[in-house]
>>> print(open('coords_22.txt').read())   # compact mmCIF, C-alpha atoms and all ligand atoms
# COMPACT_ATOMS: atom_id res chain seq x y z
CA MET Y 206 27.29 23.45 21.54
CA LEU Y 207 27.44 23.34 17.76
CA GLN Y 208 27.36 19.58 17.94
CA LEU Y 209 24.22 19.71 20.07
CA ILE Y 210 22.36 21.81 17.54
CA PHE Y 211 23.40 19.43 14.78
CA ARG Y 212 22.16 16.47 16.82
CA ASN Y 213 18.68 17.99 17.04
CA LYS Y 214 18.21 18.40 13.33
CA CYS Y 215 15.36 16.44 11.75
CA ALA Y 216 16.89 13.88 9.37
CA ALA Y 217 13.96 14.30 6.96
CA CYS Y 218 12.95 17.97 6.69
CA PHE Y 219 16.18 19.38 8.21
CA ARG Y 220 14.38 21.56 10.74
CA GLN Y 221 16.56 22.29 13.72
CA PHE Y 222 15.48 22.19 17.33
CA ASN Y 223 17.09 23.61 20.43
CA LYS Y 224 16.20 20.60 22.53
CA ILE Y 225 16.03 16.91 21.73
CA GLU Y 226 12.54 16.66 23.25
CA HIS Y 227 11.34 19.16 20.65
CA LEU Y 228 12.76 17.03 17.87
CA VAL Y 229 11.05 13.97 19.37
CA GLU Y 230 7.79 15.89 19.52
CA HIS Y 231 8.26 16.92 15.88
CA MET Y 232 8.90 13.32 14.86
CA ARG Y 233 5.81 12.09 16.70
CA THR Y 234 3.55 14.35 14.66
CA SER Y 235 5.25 14.68 11.27
CA TYR Y 236 4.99 11.08 9.94
CA HIS Y 237 8.12 11.45 7.85
CA SER Y 238 8.81 8.46 5.62
CA SER Y 239 10.53 7.30 2.47
CA HIS Y 240 7.22 7.88 0.66
CA GLU Y 241 7.46 11.66 0.91
CA PRO Y 242 8.69 13.50 -2.18
CA SER Y 243 12.35 14.29 -1.59
CA CYS Y 244 15.05 16.40 -3.20
CA GLY Y 245 17.32 14.36 -5.47
CA ILE Y 246 20.24 16.58 -4.47
CA CYS Y 247 20.23 17.29 -0.71
CA LYS Y 248 17.69 14.50 0.12
CA LYS Y 249 15.41 16.85 2.05
CA HIS Y 250 11.88 15.41 2.48
CA CYS Y 251 8.92 17.55 1.46
CA ARG Y 252 5.27 17.09 2.25
CA SER Y 253 4.17 17.53 -1.36
CA PHE Y 254 5.63 17.82 -4.84
CA GLU Y 255 4.59 21.45 -4.74
CA SER Y 256 6.89 22.18 -1.80
CA LEU Y 257 9.65 20.16 -3.48
CA ARG Y 258 9.12 22.29 -6.59
CA GLU Y 259 9.48 25.42 -4.47
CA HIS Y 260 12.66 23.99 -2.99
CA VAL Y 261 14.33 23.45 -6.39
CA ILE Y 262 12.64 25.94 -8.75
CA GLY Y 263 10.51 28.36 -6.69
CA PRO Y 264 11.13 32.05 -5.98
CA LEU Y 265 13.08 31.22 -2.80
CA PRO Y 266 14.86 27.94 -3.64
CA LYS Y 267 17.77 26.37 -1.85
CA GLN Y 268 20.51 27.83 -4.04
CA GLU Y 269 22.84 24.79 -4.22
CA CYS Y 270 19.95 22.53 -5.19
CA LYS Y 271 18.57 25.02 -7.69
CA ASN Y 272 21.92 25.27 -9.47
CA ILE Y 273 22.21 21.52 -9.97
CA PHE Y 274 18.51 21.08 -10.71
CA SER Y 275 18.58 23.69 -13.47
CA SER Y 276 21.01 21.55 -15.49
CA ARG Y 277 20.02 17.98 -14.50
CA GLY Y 278 16.52 18.09 -13.00
CA CYS Y 279 13.26 17.13 -14.74
CA LYS Y 280 10.73 19.91 -14.20
CA PHE Y 281 7.79 17.49 -14.57
CA CYS Y 282 8.59 14.59 -12.23
CA LEU Y 283 11.28 16.58 -10.31
CA SER Y 284 13.82 13.73 -10.51
CA VAL Y 285 17.51 14.55 -10.84
CA PHE Y 286 19.75 12.82 -13.40
CA ASP Y 287 23.48 12.13 -13.74
CA SER Y 288 24.03 14.43 -16.69
CA PRO Y 289 22.15 16.88 -18.91
CA TYR Y 290 22.24 14.16 -21.57
CA THR Y 291 20.42 11.52 -19.48
CA LEU Y 292 17.98 14.25 -18.44
CA ARG Y 293 17.19 14.95 -22.10
CA LEU Y 294 16.61 11.28 -22.84
CA HIS Y 295 14.33 11.05 -19.80
CA GLN Y 296 12.36 14.21 -20.50
CA ASP Y 297 11.41 13.04 -23.98
CA ARG Y 298 9.48 10.24 -22.27
CA CYS Y 299 8.40 12.17 -19.19
CA GLN Y 300 6.61 15.02 -20.94
CA LEU Y 301 3.42 13.65 -22.44
CA SER Y 302 1.37 15.11 -25.22
CA GLY Y 303 -2.25 14.34 -24.41
CA VAL Y 304 -4.82 12.65 -26.56
CA THR Y 305 -6.24 15.31 -28.85
CA GLY Y 306 -6.54 13.05 -31.86
CA LEU Y 307 -8.32 10.36 -29.93
CA ILE Y 308 -10.70 12.81 -28.35
CA GLY Y 309 -11.84 14.10 -31.69
CA ARG Y 310 -12.49 10.56 -32.82
CA PHE Y 311 -14.39 9.41 -29.76
CA SER Y 312 -16.37 12.59 -29.22
CA ASN Y 313 -17.98 12.04 -32.57
CA LEU Y 314 -18.56 8.43 -31.80
CA GLY Y 315 -19.91 9.61 -28.45
CA ILE Y 316 -21.27 6.46 -26.97
CA ARG Y 317 -19.89 3.17 -25.84
CA ASP Y 318 -22.38 2.14 -23.26
CA ASN Y 319 -22.32 -1.63 -23.31
CA LEU Y 320 -20.70 -2.70 -20.07
CA ASP Y 321 -21.37 -6.42 -20.23
CA HIS Y 322 -18.84 -8.34 -18.23
CA GLY Y 323 -18.14 -10.47 -21.26
CA ASN Y 324 -16.89 -7.36 -23.02
CA TYR Y 325 -14.27 -6.53 -20.51
CA THR Y 326 -12.67 -9.34 -18.62
CA ARG Y 327 -8.96 -8.84 -19.04
CA GLY Y 328 -7.56 -10.51 -15.92
CA SER Y 329 -9.75 -11.29 -13.00
CA SER Y 330 -8.18 -9.01 -10.41
CA GLY Y 331 -5.91 -6.05 -9.97
CA GLN Y 332 -7.59 -4.02 -12.63
CA THR Y 333 -7.46 -0.28 -12.34
CA VAL Y 334 -9.95 2.01 -14.05
CA ALA Y 335 -10.43 5.79 -14.24
CA LEU Y 336 -13.79 7.55 -14.04
CA ALA Y 337 -14.74 11.12 -14.93
CA CYS Y 338 -18.01 13.01 -15.36
CA LYS Y 339 -19.13 16.26 -16.92
CA MET Y 340 -21.85 18.03 -15.02
CA VAL Y 341 -24.83 19.96 -16.33
CA GLY Y 342 -26.91 22.24 -14.08
CA GLY Y 343 -30.21 21.56 -12.32
CA GLY Y 344 -32.39 23.44 -9.87
CA SER Y 345 -34.00 26.86 -10.34
CA ASP Y 346 -30.67 28.67 -10.80
CA GLY Y 347 -28.87 25.83 -12.59
CA SER Y 348 -26.24 25.53 -9.88
CA LEU Y 349 -26.99 21.94 -8.86
CA ASP Y 350 -24.49 19.56 -10.48
CA LEU Y 351 -26.05 16.69 -12.40
CA CYS Y 352 -23.97 14.18 -14.30
CA GLY Y 353 -24.63 14.64 -18.04
CA ARG Y 354 -21.78 12.58 -19.41
CA VAL Y 355 -19.53 9.90 -17.98
CA CYS Y 356 -16.45 8.04 -19.12
CA LEU Y 357 -14.55 5.04 -17.80
CA THR Y 358 -11.12 4.00 -19.12
CA ASP Y 359 -8.49 1.38 -18.39
CA GLU Y 360 -4.75 1.73 -17.77
CA TYR Y 361 -4.07 1.73 -21.51
CA ASP Y 362 -6.49 4.62 -22.21
CA ASN Y 363 -9.00 2.26 -23.77
CA ILE Y 364 -12.56 3.44 -23.35
CA ILE Y 365 -14.60 0.96 -21.37
CA PHE Y 366 -17.73 3.07 -21.06
CA HIS Y 367 -18.57 6.49 -22.47
CA THR Y 368 -22.07 7.81 -22.58
CA TYR Y 369 -24.44 10.72 -22.10
CA VAL Y 370 -26.55 10.41 -18.99
CA LYS Y 371 -30.16 11.45 -18.54
CA PRO Y 372 -30.31 13.04 -15.06
CA PRO Y 373 -33.21 12.18 -12.74
CA MET Y 374 -34.43 15.81 -12.69
CA PRO Y 375 -34.85 18.54 -15.28
CA VAL Y 376 -31.70 20.18 -16.62
CA THR Y 377 -31.89 23.97 -16.35
CA ASN Y 378 -28.40 24.81 -17.63
CA TYR Y 379 -26.55 22.65 -20.14
CA ARG Y 380 -23.30 24.63 -19.61
CA TYR Y 381 -22.69 24.15 -23.31
CA GLU Y 382 -19.46 26.21 -23.50
CA THR Y 383 -17.63 23.66 -21.34
CA THR Y 384 -19.72 20.47 -21.62
CA GLY Y 385 -20.65 20.64 -25.28
CA ILE Y 386 -23.92 18.98 -24.26
CA ARG Y 387 -27.13 19.89 -26.11
CA PRO Y 388 -30.66 19.03 -24.94
CA GLU Y 389 -31.12 16.51 -27.74
CA TYR Y 390 -28.05 14.54 -26.54
CA LEU Y 391 -29.71 13.85 -23.20
CA ARG Y 392 -33.30 13.39 -24.31
CA ASP Y 393 -32.91 9.69 -25.08
CA ALA Y 394 -29.68 9.13 -23.15
CA MET Y 395 -29.25 6.29 -20.69
CA PRO Y 396 -31.11 7.07 -17.44
CA GLN Y 397 -28.87 7.81 -14.49
CA ARG Y 398 -30.21 4.86 -12.49
CA GLN Y 399 -29.15 2.49 -15.26
CA VAL Y 400 -25.70 4.10 -15.51
CA GLN Y 401 -25.35 3.82 -11.76
CA LYS Y 402 -26.16 0.12 -11.80
CA LYS Y 403 -23.85 -0.70 -14.69
CA LEU Y 404 -20.89 1.18 -13.21
CA GLN Y 405 -21.49 -0.17 -9.73
CA ASP Y 406 -21.53 -3.75 -11.01
CA PHE Y 407 -18.48 -3.18 -13.16
CA LEU Y 408 -16.43 -1.73 -10.29
CA CYS Y 409 -17.36 -4.44 -7.80
CA ASN Y 410 -16.76 -7.04 -10.52
CA GLY Y 411 -18.83 -9.72 -8.82
CA GLU Y 412 -17.54 -8.97 -5.33
CA PRO Y 413 -20.20 -8.13 -2.71
CA MET Y 414 -19.60 -4.60 -1.40
CA TRP Y 415 -19.07 -5.70 2.21
CA LYS Y 416 -16.43 -8.20 1.16
CA ILE Y 417 -14.23 -5.81 -0.80
CA ARG Y 418 -10.64 -5.80 0.46
CA PRO Y 419 -7.64 -4.14 -1.16
CA ARG Y 420 -5.36 -6.47 -3.11
CA ALA Y 421 -7.49 -9.49 -2.34
CA GLY Y 422 -10.64 -9.78 -4.40
CA LYS Y 423 -11.88 -9.00 -7.88
CA ALA Y 424 -13.07 -5.43 -7.23
CA ARG Y 425 -11.34 -2.75 -9.25
CA ILE Y 426 -9.21 0.15 -8.09
CA LEU Y 427 -10.97 3.38 -9.07
CA VAL Y 428 -8.90 6.39 -10.12
CA GLY Y 429 -10.28 9.90 -10.59
CA HIS Y 430 -10.13 13.55 -9.60
CA GLY Y 431 -12.63 14.69 -6.97
CA LEU Y 432 -14.35 11.30 -7.08
CA ASP Y 433 -16.65 12.01 -4.11
CA HIS Y 434 -18.48 14.51 -6.25
CA ASP Y 435 -18.68 12.23 -9.30
CA LEU Y 436 -19.82 9.22 -7.27
CA ASP Y 437 -22.37 11.30 -5.35
CA SER Y 438 -23.95 12.63 -8.48
CA LEU Y 439 -24.20 9.12 -9.92
CA GLN Y 440 -25.27 7.72 -6.53
CA ILE Y 441 -22.54 5.11 -6.64
CA GLU Y 442 -21.15 3.79 -3.38
CA TYR Y 443 -17.62 2.51 -3.35
CA PRO Y 444 -15.25 1.76 -0.47
CA ALA Y 445 -12.62 4.43 0.19
CA LEU Y 446 -9.83 1.86 0.27
CA MET Y 447 -10.38 1.13 -3.42
CA ILE Y 448 -10.30 4.81 -4.44
CA ARG Y 449 -7.23 6.68 -5.68
CA ASP Y 450 -8.17 10.36 -5.94
CA THR Y 451 -5.65 12.79 -7.44
CA ALA Y 452 -7.50 15.66 -5.70
CA LYS Y 453 -6.88 14.13 -2.27
CA TYR Y 454 -3.47 12.49 -2.56
CA PRO Y 455 -1.17 14.38 -0.15
CA PRO Y 456 1.90 14.48 -2.47
CA LEU Y 457 -0.23 16.11 -5.20
CA MET Y 458 -1.95 18.67 -2.97
CA LYS Y 459 -1.00 22.27 -2.35
CA THR Y 460 1.22 23.25 0.56
CA SER Y 461 -1.97 24.72 2.04
CA LYS Y 462 -3.48 21.17 1.95
CA LEU Y 463 -6.07 22.25 -0.62
CA SER Y 464 -6.57 20.29 -3.84
CA ASN Y 465 -4.96 21.28 -7.09
CA SER Y 466 -7.12 21.34 -10.20
CA LEU Y 467 -6.72 18.47 -12.64
CA LYS Y 468 -5.84 21.03 -15.30
CA TYR Y 469 -2.95 22.30 -13.16
CA LEU Y 470 -1.70 18.82 -12.22
CA THR Y 471 -1.71 17.72 -15.86
CA GLN Y 472 0.21 20.80 -16.94
CA ALA Y 473 2.71 20.65 -14.06
CA TYR Y 474 3.36 16.90 -13.80
CA LEU Y 475 2.57 15.53 -17.25
CA GLY Y 476 3.46 18.59 -19.31
CA TYR Y 477 0.38 19.03 -21.48
CA ASP Y 478 -2.86 21.01 -21.55
CA ILE Y 479 -6.38 19.78 -20.93
CA GLN Y 480 -9.84 21.28 -20.48
CA SER Y 481 -9.59 24.11 -22.92
CA GLY Y 482 -12.93 24.82 -24.57
CA ILE Y 483 -15.41 21.97 -24.67
CA GLN Y 484 -14.37 19.23 -22.25
CA ASP Y 485 -14.60 15.51 -22.77
CA PRO Y 486 -14.56 13.31 -19.66
CA PHE Y 487 -12.32 10.91 -21.61
CA GLU Y 488 -9.56 13.52 -21.48
CA ASP Y 489 -9.92 13.75 -17.67
CA CYS Y 490 -9.84 9.95 -17.35
CA VAL Y 491 -6.60 9.76 -19.34
CA ALA Y 492 -4.95 12.54 -17.32
CA THR Y 493 -5.90 11.15 -13.89
CA MET Y 494 -4.83 7.64 -14.91
CA LYS Y 495 -1.45 8.94 -16.10
CA LEU Y 496 -0.98 10.87 -12.85
CA TYR Y 497 -1.90 7.78 -10.87
CA MET Y 498 0.50 5.59 -12.84
CA ARG Y 499 3.29 8.11 -12.46
CA MET Y 500 2.78 8.15 -8.70
CA ARG Y 501 2.48 4.37 -8.57
CA SER Y 502 5.75 3.89 -10.45
CA GLN Y 503 7.82 5.79 -7.88
CA VAL Y 504 10.62 3.72 -6.43
CA HIS Y 505 10.54 3.87 -2.63
CA LYS Y 506 12.09 1.78 0.07
CA ILE Y 507 10.15 -1.45 0.58
CA GLU Y 508 9.08 -1.89 4.19
CA PRO Y 509 7.09 -4.80 5.62
CA TYR Y 510 4.79 -2.40 7.47
CA PRO Y 511 4.71 0.90 5.58
CA LEU Y 512 1.94 2.71 7.44
CA ALA Y 513 2.02 4.47 10.79
CA THR Y 514 -1.29 2.80 11.55
CA ASP Y 515 0.15 -0.70 11.14
CA PRO Y 516 0.24 -2.00 14.73
CA GLN Y 517 3.83 -3.23 14.28
CA ASN Y 518 4.98 0.39 14.10
CA ARG Y 519 3.90 1.02 17.69
CA ASN Y 520 1.55 3.62 16.28
CA ASN Y 521 4.33 5.82 14.97
CA PHE Y 522 6.07 6.56 18.27
CA ALA Y 523 2.90 6.75 20.37
CA SER Y 524 3.88 3.75 22.48
CA TRP Y 525 7.62 4.43 22.58
CA ARG Y 526 8.89 5.85 25.83
CA GLN Y 527 10.17 9.42 25.64
CA ASN Y 528 13.61 8.49 26.97
CA GLU Y 529 13.95 5.64 24.44
CA LEU Y 530 13.36 8.11 21.64
CA GLU Y 531 15.61 10.78 23.11
CA ARG Y 532 18.50 8.33 23.04
CA MET Y 533 18.09 7.75 19.30
CA SER Y 534 19.89 9.66 16.59
CA PRO Y 535 17.74 11.69 14.15
CA GLU Y 536 18.47 9.04 11.49
CA GLN Y 537 17.30 6.22 13.76
CA MET Y 538 14.09 8.08 14.48
CA LEU Y 539 13.49 8.63 10.78
CA ASP Y 540 14.19 4.96 10.20
CA ILE Y 541 11.30 3.86 12.42
CA SER Y 542 8.94 6.68 11.36
CA ARG Y 543 6.15 5.69 8.98
CA SER Y 544 3.78 7.41 6.60
CA ASP Y 545 0.32 8.66 7.57
CA PHE Y 546 -0.97 8.30 4.00
CA TYR Y 547 -1.20 5.29 1.72
CA CYS Y 548 1.49 5.78 -0.92
CA TRP Y 549 0.37 4.58 -4.33
CA CYS Y 550 3.72 2.84 -4.89
CA LEU Y 551 2.25 0.21 -2.54
CA ASP Y 552 -0.26 -0.77 -5.24
CA ARG Y 553 2.68 -2.21 -7.16
CA ARG Y 554 3.81 -4.52 -4.42
CA ASP Y 555 2.12 -7.69 -5.51
CA THR Y 556 1.27 -7.17 -9.13
ZN ZN Y 601 11.06 16.94 10.00
ZN ZN Y 602 5.84 5.13 -1.88
ZN ZN Y 603 17.66 19.98 -2.02
ZN ZN Y 604 10.61 13.51 -15.43
>>> encode(input="coords_22.txt", output="structure tokens")
Amino acid sequence: MLQLIFRNKCAACFRQFNKIEHLVEHMRTSYHSSHEPSCGICKKHCRSFESLREHVIGPLPKQECKNIFSSRGCKFCLSVFDSPYTLRLHQDRCQLSGVTGLIGRFSNLGIRDNLDHGNYTRGSSGQTVALACKMVGGGSDGSLDLCGRVCLTDEYDNIIFHTYVKPPMPVTNYRYETTGIRPEYLRDAMPQRQVQKKLQDFLCNGEPMWKIRPRAGKARILVGHGLDHDLDSLQIEYPALMIRDTAKYPPLMKTSKLSNSLKYLTQAYLGYDIQSGIQDPFEDCVATMKLYMRMRSQVHKIEPYPLATDPQNRNNFASWRQNELERMSPEQMLDISRSDFYCWCLDRRDT
């Protein structure tokens, strides 16, 4: 009897089921994979880093894991190390300190709005850039978001583009306390239509929109936080498969499947503060790019077909017969289970 219960335990999240068919049902719908955040101590898979954090630090942690984590676990990336000494060496690099000095410098400079291709041609493909906007208010009550300032950076925190934007309709609330934008900054700023065109061309990088494929052409990977909103307000269209959004990446979302704020993610995963007082979109670009790079650098098992939607995976159990699955061990089922989200570690595969 005991053995039976043990047999029906999910090899990833450790949930136990009375009957094997319930475990099979669970495996069909849970999309467990090596790309889920997992505990460095007991190897339990979690849906998000937030639930992993709860597992090792939270108010109701797993006690054995908490004990080990408290002496050898990094509270930013949640990795576990061999000794408190290697943890200390690691944490010095893992906790970042932001870009305060740089921000001061560039805020005064304010504008770098020349996006000629000749200016920025490092490599012809595989380039990744981060975009962020600051919104001012339009409409009668000032609640309509209009992009008043935009920034674009590369992987090395170099500013590619940084400018005030003149929205296509009157600004009724400059939201000065957070944007730092004054009417005179926008009066002669670059019109939104022109910003849209420049950014659109830069992102596509000579590739026609319909031809853009991941990993193949010259188009750039676009990183940001809540990019739908930024792209909407600038009226930029960009294919979803080229977008890496820290507000929508399952491992960075809340257990409730809602987005975390960029301010929270930066504090929790990078270990520094942003967005206090007047906000510069450059600071948001740097934070989202660092989050993206941290996620991309994760070391996960390399599989030829990593996604449940890859046809080779028989649609993640959908076309397996029930009795075939019921004969498998929990480990075998986990072994053939694949992810339902595109893990950013896959961006590293051929670079
Ligand atoms: Zn499970
Ligand atoms: Zn991965
Ligand atoms: Zn654990
Ligand atoms: Zn760390």
>>> residues_around(input="coords_22.txt", residues="region 391-397 of chain Y", least_positions_apart="3", cutoff="9 Å", atoms="all atoms listed in the file", output="JSON, numbers by chain")
{"Y": [318, 352, 353, 354, 368, 369, 370, 371, 372, 373, 386, 387, 388, 400, 401, 402, 439, 440]}
>>> closest_residue(input="coords_22.txt", among="Y:Asp362, Y:Glu259, Y:Asp489, Y:Asp552", to="ligand ZN 603 (chain Y)", atoms="only C-alpha atoms and all ligand atoms")
Y:Glu259
>>> residues_near_ligand(input="coords_22.txt", ligand="ligand ZN 602 (chain Y)", cutoff="12 Å", atoms="only C-alpha atoms and all ligand atoms", output="ChimeraX atom specification")
/Y:237-243,454-456,499-508,511-512,543-554
>>> closest_atom_pairs(input="coords_22.txt", of="chain Y", to="ligand ZN 604 (chain Y)", cutoff="12 Å", atoms="all atoms listed in the file", output="tab-separated table")
residue	atom	partner	partner_atom	distance
Y:Phe274	CA	Y:ZN604	ZN	11.9
Y:Arg277	CA	Y:ZN604	ZN	10.5
Y:Gly278	CA	Y:ZN604	ZN	7.9
Y:Cys279	CA	Y:ZN604	ZN	4.5
Y:Lys280	CA	Y:ZN604	ZN	6.5
Y:Phe281	CA	Y:ZN604	ZN	5.0
Y:Cys282	CA	Y:ZN604	ZN	3.9
Y:Leu283	CA	Y:ZN604	ZN	6.0
Y:Ser284	CA	Y:ZN604	ZN	5.9
Y:Val285	CA	Y:ZN604	ZN	8.4
Y:Phe286	CA	Y:ZN604	ZN	9.4
Y:Thr291	CA	Y:ZN604	ZN	10.8
Y:Leu292	CA	Y:ZN604	ZN	8.0
Y:Arg293	CA	Y:ZN604	ZN	9.5
Y:Leu294	CA	Y:ZN604	ZN	9.8
Y:His295	CA	Y:ZN604	ZN	6.2
Y:Gln296	CA	Y:ZN604	ZN	5.4
Y:Asp297	CA	Y:ZN604	ZN	8.6
Y:Arg298	CA	Y:ZN604	ZN	7.7
Y:Cys299	CA	Y:ZN604	ZN	4.6
Y:Gln300	CA	Y:ZN604	ZN	7.0
Y:Leu301	CA	Y:ZN604	ZN	10.0
Y:Ala473	CA	Y:ZN604	ZN	10.7
Y:Tyr474	CA	Y:ZN604	ZN	8.2
Y:Leu475	CA	Y:ZN604	ZN	8.5
Y:Gly476	CA	Y:ZN604	ZN	9.6
Y:Arg499	CA	Y:ZN604	ZN	9.6
Y:Met500	CA	Y:ZN604	ZN	11.6
Y:Ser502	CA	Y:ZN604	ZN	11.9
Y:Gln503	CA	Y:ZN604	ZN	11.2
>>> atom_distance(input="coords_22.txt", atom1="CA of Ala424 (chain Y)", atom2="CA of Arg317 (chain Y)")
21.6 Å
>>> closest_residue(input="coords_22.txt", among="Y:Ile246, Y:Val261, Y:Met340, Y:Leu539", to="ligand ZN 601 (chain Y)", atoms="all atoms listed in the file")
Y:Leu539
>>> residues_near_point(input="coords_22.txt", point="(-6.1, 5.7, -7.5)", cutoff="10 Å", atoms="all atoms listed in the file", output="PyMOL selection string")
chain Y and resi 333-335+426-430+432+446-451+453-454+493-494+496-498+500-501+549+552
>>> atom_distance(input="coords_22.txt", atom1="CA of Ala492 (chain Y)", atom2="CA of Leu470 (chain Y)")
8.7 Å
>>> residues_near_ligand(input="coords_22.txt", ligand="ligand ZN 601 (chain Y)", cutoff="7 Å", atoms="only C-alpha atoms and all ligand atoms", output="PDB file with C-alpha atoms, keeping the file's coordinate frame")
ATOM      1  CA  CYS Y 215      15.360  16.440  11.750  1.00  0.00           C
ATOM      2  CA  ALA Y 216      16.890  13.880   9.370  1.00  0.00           C
ATOM      3  CA  ALA Y 217      13.960  14.300   6.960  1.00  0.00           C
ATOM      4  CA  CYS Y 218      12.950  17.970   6.690  1.00  0.00           C
ATOM      5  CA  PHE Y 219      16.180  19.380   8.210  1.00  0.00           C
ATOM      6  CA  ARG Y 220      14.380  21.560  10.740  1.00  0.00           C
ATOM      7  CA  HIS Y 231       8.260  16.920  15.880  1.00  0.00           C
ATOM      8  CA  MET Y 232       8.900  13.320  14.860  1.00  0.00           C
ATOM      9  CA  SER Y 235       5.250  14.680  11.270  1.00  0.00           C
ATOM     10  CA  HIS Y 237       8.120  11.450   7.850  1.00  0.00           C
TER      11      HIS Y 237
END
>>> atom_distance(input="coords_22.txt", atom1="CA of Thr383 (chain Y)", atom2="CA of Thr460 (chain Y)")
28.9 Å
